[in-house]
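J.: What follows is a single structure, and I will ask about it in a moment.
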Amino acid sequence: MSASGAAPRAILELRLRVWGMGADNQPFHQNATAQNISRTGACICGFEHKVKVGDVIGVQYETKKARCKVIWVMEAGALKKVQVGVELVVDQECPWLSQLPEEMRGALPPGAHANRRRFQRHKISFPVELRDERVNTPMRVNATDVSGNGCYIETVMPFPVSTLLRLDFWIDQERISGSAEVRTRDPGVGMGIEFTGLKEELKRALQSHLDKLDPGMSAQKQTPSQ
């Protein structure tokens, strides 16, 4: 079985960090090896913890992180331990793209997910304060994947889906407050949050602020079009 569908694959061995929630409901964080790699997925060897098909795990190659969905699991004996086939979650950037042969770095294969987000997400560290409206306890965190419409928070113990939150952050010298809701929950990895209580003009102001903060966005604007 393939972790990447119809995508071309490269036989490589890349050292990764992987983390998530094991089948025993205990969080894990360990080294592993990615093999049989494509733009959209990989076979990861050396899992010391069992995971289930459908689980979402975090992966990191060098400094680049992404979230992947487990699509198959196989016992691989004492040396390789557990092998896991993974596929990048929709809109996640391929963390090992630079290691793929040049001919595999181009367009995604037919049927690959297109980015349909209304606001572009930025892979930057953006401080926010969240409060579960039921207990009003502040949670100061850094969003690692953020846009004017929402963000992803890395946490081992994410809130349940549909949890209502109070949201506070800063745009320059202005403190912005609003409401938010947990839309996705990945145990051991994090949670996706939608800014449900921000007015449209505030969402656009936040997006503009994030565009300025993201050095990658600045580099794109300076690159002349082909």
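Residues in the structure tokens are named by chain (A, B, ... in the order shown) and by number from 1 within that chain; ligands are numbered from 1 in the order shown.
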Where does DSSP see strand (DSSP E) in range 74-222 of chain A, if you list the residues as a PyMOL selection string?
T.: chain A and resi 74-75+82-88+126-132+138-147+150-154+164-171+174-186+190-194
J.: Give me, as a PDB file with C-alpha atoms, in the first residue's frame, all polymer residues having an atom no more than 6 Å from range 133-143 of chain A, counting only C-alpha atoms and skipping those fewer than 3 positions away in the same chain.
T.:
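Generated output (around25.pdb):
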ATOM      1  CA  SER A 125       4.875  31.829  15.744  1.00  0.00           C
ATOM      2  CA  PHE A 126       2.030  34.178  16.702  1.00  0.00           C
ATOM      3  CA  PRO A 127       1.134  34.700  20.397  1.00  0.00           C
ATOM      4  CA  VAL A 128      -2.533  34.419  21.359  1.00  0.00           C
ATOM      5  CA  GLU A 129      -4.410  34.049  24.636  1.00  0.00           C
ATOM      6  CA  LEU A 130      -7.324  31.617  24.796  1.00  0.00           C
ATOM      7  CA  TYR A 152      -3.647  25.806  14.703  1.00  0.00           C
ATOM      8  CA  ILE A 153      -2.381  25.412  18.266  1.00  0.00           C
ATOM      9  CA  LEU A 165     -13.149  30.078  23.516  1.00  0.00           C
TER      10      LEU A 165
END
J.: If you run DSSP on the backbone, which residues of range 8-88 of chain A are alpha helix (DSSP H), as number ranges by chain?
T.: A: 77-80
J.: May I have the residues within 9 Å of range 64-76 of chain A as a PyMOL selection string, using only C-alpha atoms and disregarding those fewer than 4 positions away in the same chain?
T.: chain A and resi 1-3+41+45-46+50-60+80-90+92-96+189
J.: Those residues with N, CA and C atoms, as a JSON list (two decimals), in the first residue's frame please?
T.:
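In the end it all went to part.json:
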[["chain", "number", "residue", "atom", "x", "y", "z"],
["A", 1, "MET", "N", 0.84, -1.20, 0.00],
["A", 1, "MET", "CA", 0.00, 0.00, 0.00],
["A", 1, "MET", "C", 0.86, 1.23, 0.00],
["A", 2, "SER", "N", 0.39, 2.32, -0.58],
["A", 2, "SER", "CA", 1.18, 3.54, -0.68],
["A", 2, "SER", "C", 0.66, 4.61, 0.23],
["A", 3, "ALA", "N", 1.56, 5.40, 0.80],
["A", 3, "ALA", "CA", 1.16, 6.50, 1.65],
["A", 3, "ALA", "C", 0.84, 7.73, 0.85],
["A", 41, "GLY", "N", 3.25, 12.24, 0.97],
["A", 41, "GLY", "CA", 3.25, 11.27, 2.05],
["A", 41, "GLY", "C", 4.55, 10.50, 2.13],
["A", 45, "CYS", "N", 9.25, 4.40, 9.32],
["A", 45, "CYS", "CA", 9.67, 3.19, 10.03],
["A", 45, "CYS", "C", 10.19, 3.53, 11.42],
["A", 46, "GLY", "N", 10.12, 2.54, 12.31],
["A", 46, "GLY", "CA", 10.73, 2.69, 13.62],
["A", 46, "GLY", "C", 9.80, 3.22, 14.70],
["A", 50, "LYS", "N", 2.15, 2.16, 19.05],
["A", 50, "LYS", "CA", 1.12, 1.81, 18.07],
["A", 50, "LYS", "C", 0.18, 2.99, 17.86],
["A", 51, "VAL", "N", -0.17, 3.22, 16.60],
["A", 51, "VAL", "CA", -1.15, 4.23, 16.25],
["A", 51, "VAL", "C", -2.24, 3.56, 15.42],
["A", 52, "LYS", "N", -3.33, 4.29, 15.20],
["A", 52, "LYS", "CA", -4.47, 3.72, 14.49],
["A", 52, "LYS", "C", -4.68, 4.44, 13.17],
["A", 53, "VAL", "N", -5.20, 3.72, 12.19],
["A", 53, "VAL", "CA", -5.58, 4.34, 10.92],
["A", 53, "VAL", "C", -6.57, 5.46, 11.19],
["A", 54, "GLY", "N", -6.33, 6.61, 10.58],
["A", 54, "GLY", "CA", -7.17, 7.78, 10.80],
["A", 54, "GLY", "C", -6.61, 8.77, 11.81],
["A", 55, "ASP", "N", -5.63, 8.32, 12.64],
["A", 55, "ASP", "CA", -5.00, 9.24, 13.59],
["A", 55, "ASP", "C", -4.23, 10.33, 12.84],
["A", 56, "VAL", "N", -4.12, 11.48, 13.45],
["A", 56, "VAL", "CA", -3.27, 12.56, 12.93],
["A", 56, "VAL", "C", -2.03, 12.63, 13.82],
["A", 57, "ILE", "N", -0.85, 12.65, 13.20],
["A", 57, "ILE", "CA", 0.40, 12.77, 13.94],
["A", 57, "ILE", "C", 1.17, 13.99, 13.44],
["A", 58, "GLY", "N", 2.10, 14.47, 14.26],
["A", 58, "GLY", "CA", 2.99, 15.55, 13.85],
["A", 58, "GLY", "C", 4.30, 14.97, 13.38],
["A", 59, "VAL", "N", 4.89, 15.57, 12.33],
["A", 59, "VAL", "CA", 6.21, 15.15, 11.84],
["A", 59, "VAL", "C", 7.07, 16.40, 11.68],
["A", 60, "GLN", "N", 8.37, 16.24, 11.88],
["A", 60, "GLN", "CA", 9.31, 17.34, 11.68],
["A", 60, "GLN", "C", 10.55, 16.83, 11.00],
["A", 80, "LYS", "N", 12.63, -2.90, 12.37],
["A", 80, "LYS", "CA", 11.87, -1.73, 11.90],
["A", 80, "LYS", "C", 10.67, -1.41, 12.80],
["A", 81, "LYS", "N", 10.42, -2.28, 13.79],
["A", 81, "LYS", "CA", 9.34, -2.05, 14.74],
["A", 81, "LYS", "C", 8.01, -1.90, 14.00],
["A", 82, "VAL", "N", 7.33, -0.77, 14.15],
["A", 82, "VAL", "CA", 6.05, -0.56, 13.46],
["A", 82, "VAL", "C", 6.28, 0.38, 12.28],
["A", 83, "GLN", "N", 5.77, 0.00, 11.10],
["A", 83, "GLN", "CA", 5.80, 0.88, 9.93],
["A", 83, "GLN", "C", 4.44, 1.53, 9.78],
["A", 84, "VAL", "N", 4.46, 2.81, 9.41],
["A", 84, "VAL", "CA", 3.22, 3.57, 9.29],
["A", 84, "VAL", "C", 3.23, 4.34, 7.97],
["A", 85, "GLY", "N", 2.17, 4.19, 7.19],
["A", 85, "GLY", "CA", 2.00, 4.98, 5.99],
["A", 85, "GLY", "C", 1.21, 6.24, 6.32],
["A", 86, "VAL", "N", 1.74, 7.39, 5.91],
["A", 86, "VAL", "CA", 1.08, 8.66, 6.24],
["A", 86, "VAL", "C", 0.86, 9.49, 4.98],
["A", 87, "GLU", "N", -0.12, 10.35, 5.07],
["A", 87, "GLU", "CA", -0.46, 11.28, 3.99],
["A", 87, "GLU", "C", -0.61, 12.66, 4.59],
["A", 88, "LEU", "N", -0.03, 13.67, 3.97],
["A", 88, "LEU", "CA", -0.12, 15.02, 4.49],
["A", 88, "LEU", "C", -1.57, 15.48, 4.60],
["A", 89, "VAL", "N", -1.91, 16.11, 5.71],
["A", 89, "VAL", "CA", -3.23, 16.69, 5.89],
["A", 89, "VAL", "C", -3.42, 17.83, 4.88],
["A", 90, "VAL", "N", -4.64, 18.05, 4.46],
["A", 90, "VAL", "CA", -4.96, 19.10, 3.49],
["A", 90, "VAL", "C", -4.31, 20.42, 3.89],
["A", 92, "GLN", "N", -1.23, 21.22, 4.21],
["A", 92, "GLN", "CA", 0.07, 21.17, 4.86],
["A", 92, "GLN", "C", 1.18, 21.16, 3.81],
["A", 93, "GLU", "N", 2.24, 21.93, 4.05],
["A", 93, "GLU", "CA", 3.37, 21.97, 3.14],
["A", 93, "GLU", "C", 4.27, 20.76, 3.39],
["A", 94, "CYS", "N", 4.85, 20.24, 2.32],
["A", 94, "CYS", "CA", 5.70, 19.06, 2.41],
["A", 94, "CYS", "C", 7.01, 19.42, 3.10],
["A", 95, "PRO", "N", 7.31, 18.84, 4.28],
["A", 95, "PRO", "CA", 8.50, 19.25, 5.02],
["A", 95, "PRO", "C", 9.81, 18.75, 4.41],
["A", 96, "TRP", "N", 9.75, 17.70, 3.58],
["A", 96, "TRP", "CA", 10.97, 17.13, 2.99],
["A", 96, "TRP", "C", 11.07, 17.45, 1.50],
["A", 189, "VAL", "N", -1.33, 16.13, 19.38],
["A", 189, "VAL", "CA", -0.74, 17.01, 18.36],
["A", 189, "VAL", "C", -1.22, 18.45, 18.52]]
J.: Using only C-alpha atoms, which of A:Arg17, A:His49, A:Glu103, A:Pro8 sits nearest Asn36 in chain A?
T.: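 Among the listed residues, A:Pro8 lies closest to Asn36 in chain A.
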J.: I want to know what sits within 8 Å of His29 in chain A, based on only C-alpha atoms, with residues of the same chain fewer than 6 positions away left out; could you give that as a ChimeraX atom specification?
T.: /A:17-20
J.: Would you work out the distance separating CA of Thr33 in chain A from CA of Thr144 in chain A, expressed in Å to one decimal?
T.: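 So the two atoms, CA of Thr33 in chain A and CA of Thr144 in chain A, lie 23.9 Å apart.
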J.: Show which residues sit within 9 Å of Glu194 in chain A, as JSON, numbers by chain. Count only C-alpha atoms, and ignore same-chain residues fewer than 3 positions away.
T.: {"A": [149, 150, 151, 152, 179, 180, 181, 182, 183, 197]}
J.: Mind writing the picked residues with C-alpha atoms as a compact mmCIF listing (two decimals), in the first residue's frame?
T.:
# COMPACT_ATOMS: atom_id res chain seq x y z
CA ASN A 149 -9.78 33.24 9.83
CA GLY A 150 -8.19 30.88 12.34
CA CYS A 151 -5.12 29.12 13.60
CA TYR A 152 -3.65 25.81 14.70
CA SER A 179 -14.66 34.57 20.30
CA ALA A 180 -13.45 31.37 18.68
CA GLU A 181 -14.43 27.73 18.40
CA VAL A 182 -12.46 24.49 18.24
CA ARG A 183 -13.12 22.93 14.82
CA GLY A 197 -16.44 36.18 16.66
J.: Given only C-alpha atoms as the basis, pick out the residue of A:Cys43, A:Ser147, A:Asp186, A:Ala34 nearest to Val161 in chain A.
T.: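 With only C-alpha atoms as the atom set, the closest residue is A:Asp186.
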J.: With 7 Å as the cut-off and only C-alpha atoms counted, what is the closest atom pair between each nearby residue of range 103-191 of chain A and range 205-214 of chain A? Distances in Å to one decimal, ordered by chain and number, as CSV.
T.:
residue,atom,partner,partner_atom,distance
A:His122,CA,A:Asp214,CA,6.7
A:Ile124,CA,A:Asp214,CA,6.6
A:Ser147,CA,A:Gln207,CA,5.8
A:Gly148,CA,A:Gln207,CA,4.5
A:Ile171,CA,A:His209,CA,6.7
J.: Using only C-alpha atoms, can you tell me which of A:Phe119, A:Phe28, A:Phe159, A:Tyr61 comes closest to Gly190 in chain A?
T.: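 Closest residue, counting only C-alpha atoms: A:Phe159.
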J.: In Å, with one decimal, what is the gap from CA of Leu14 in chain A to CA of Lys123 in chain A?
T.: 21.9 Å
J.: Nearest to Glu201 in chain A: which of A:Ile176, A:Pro27, A:Glu13, A:Asp132 is it, counting only C-alpha atoms?
T.: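 Nearest candidate to Glu201 in chain A out of A:Ile176, A:Pro27, A:Glu13, A:Asp132: A:Ile176.
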J.: Could you state the separation of CA of Gly188 in chain A and CA of Asn25 in chain A in Å, given to one decimal place?
T.: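 A separation of 8.9 Å between them.
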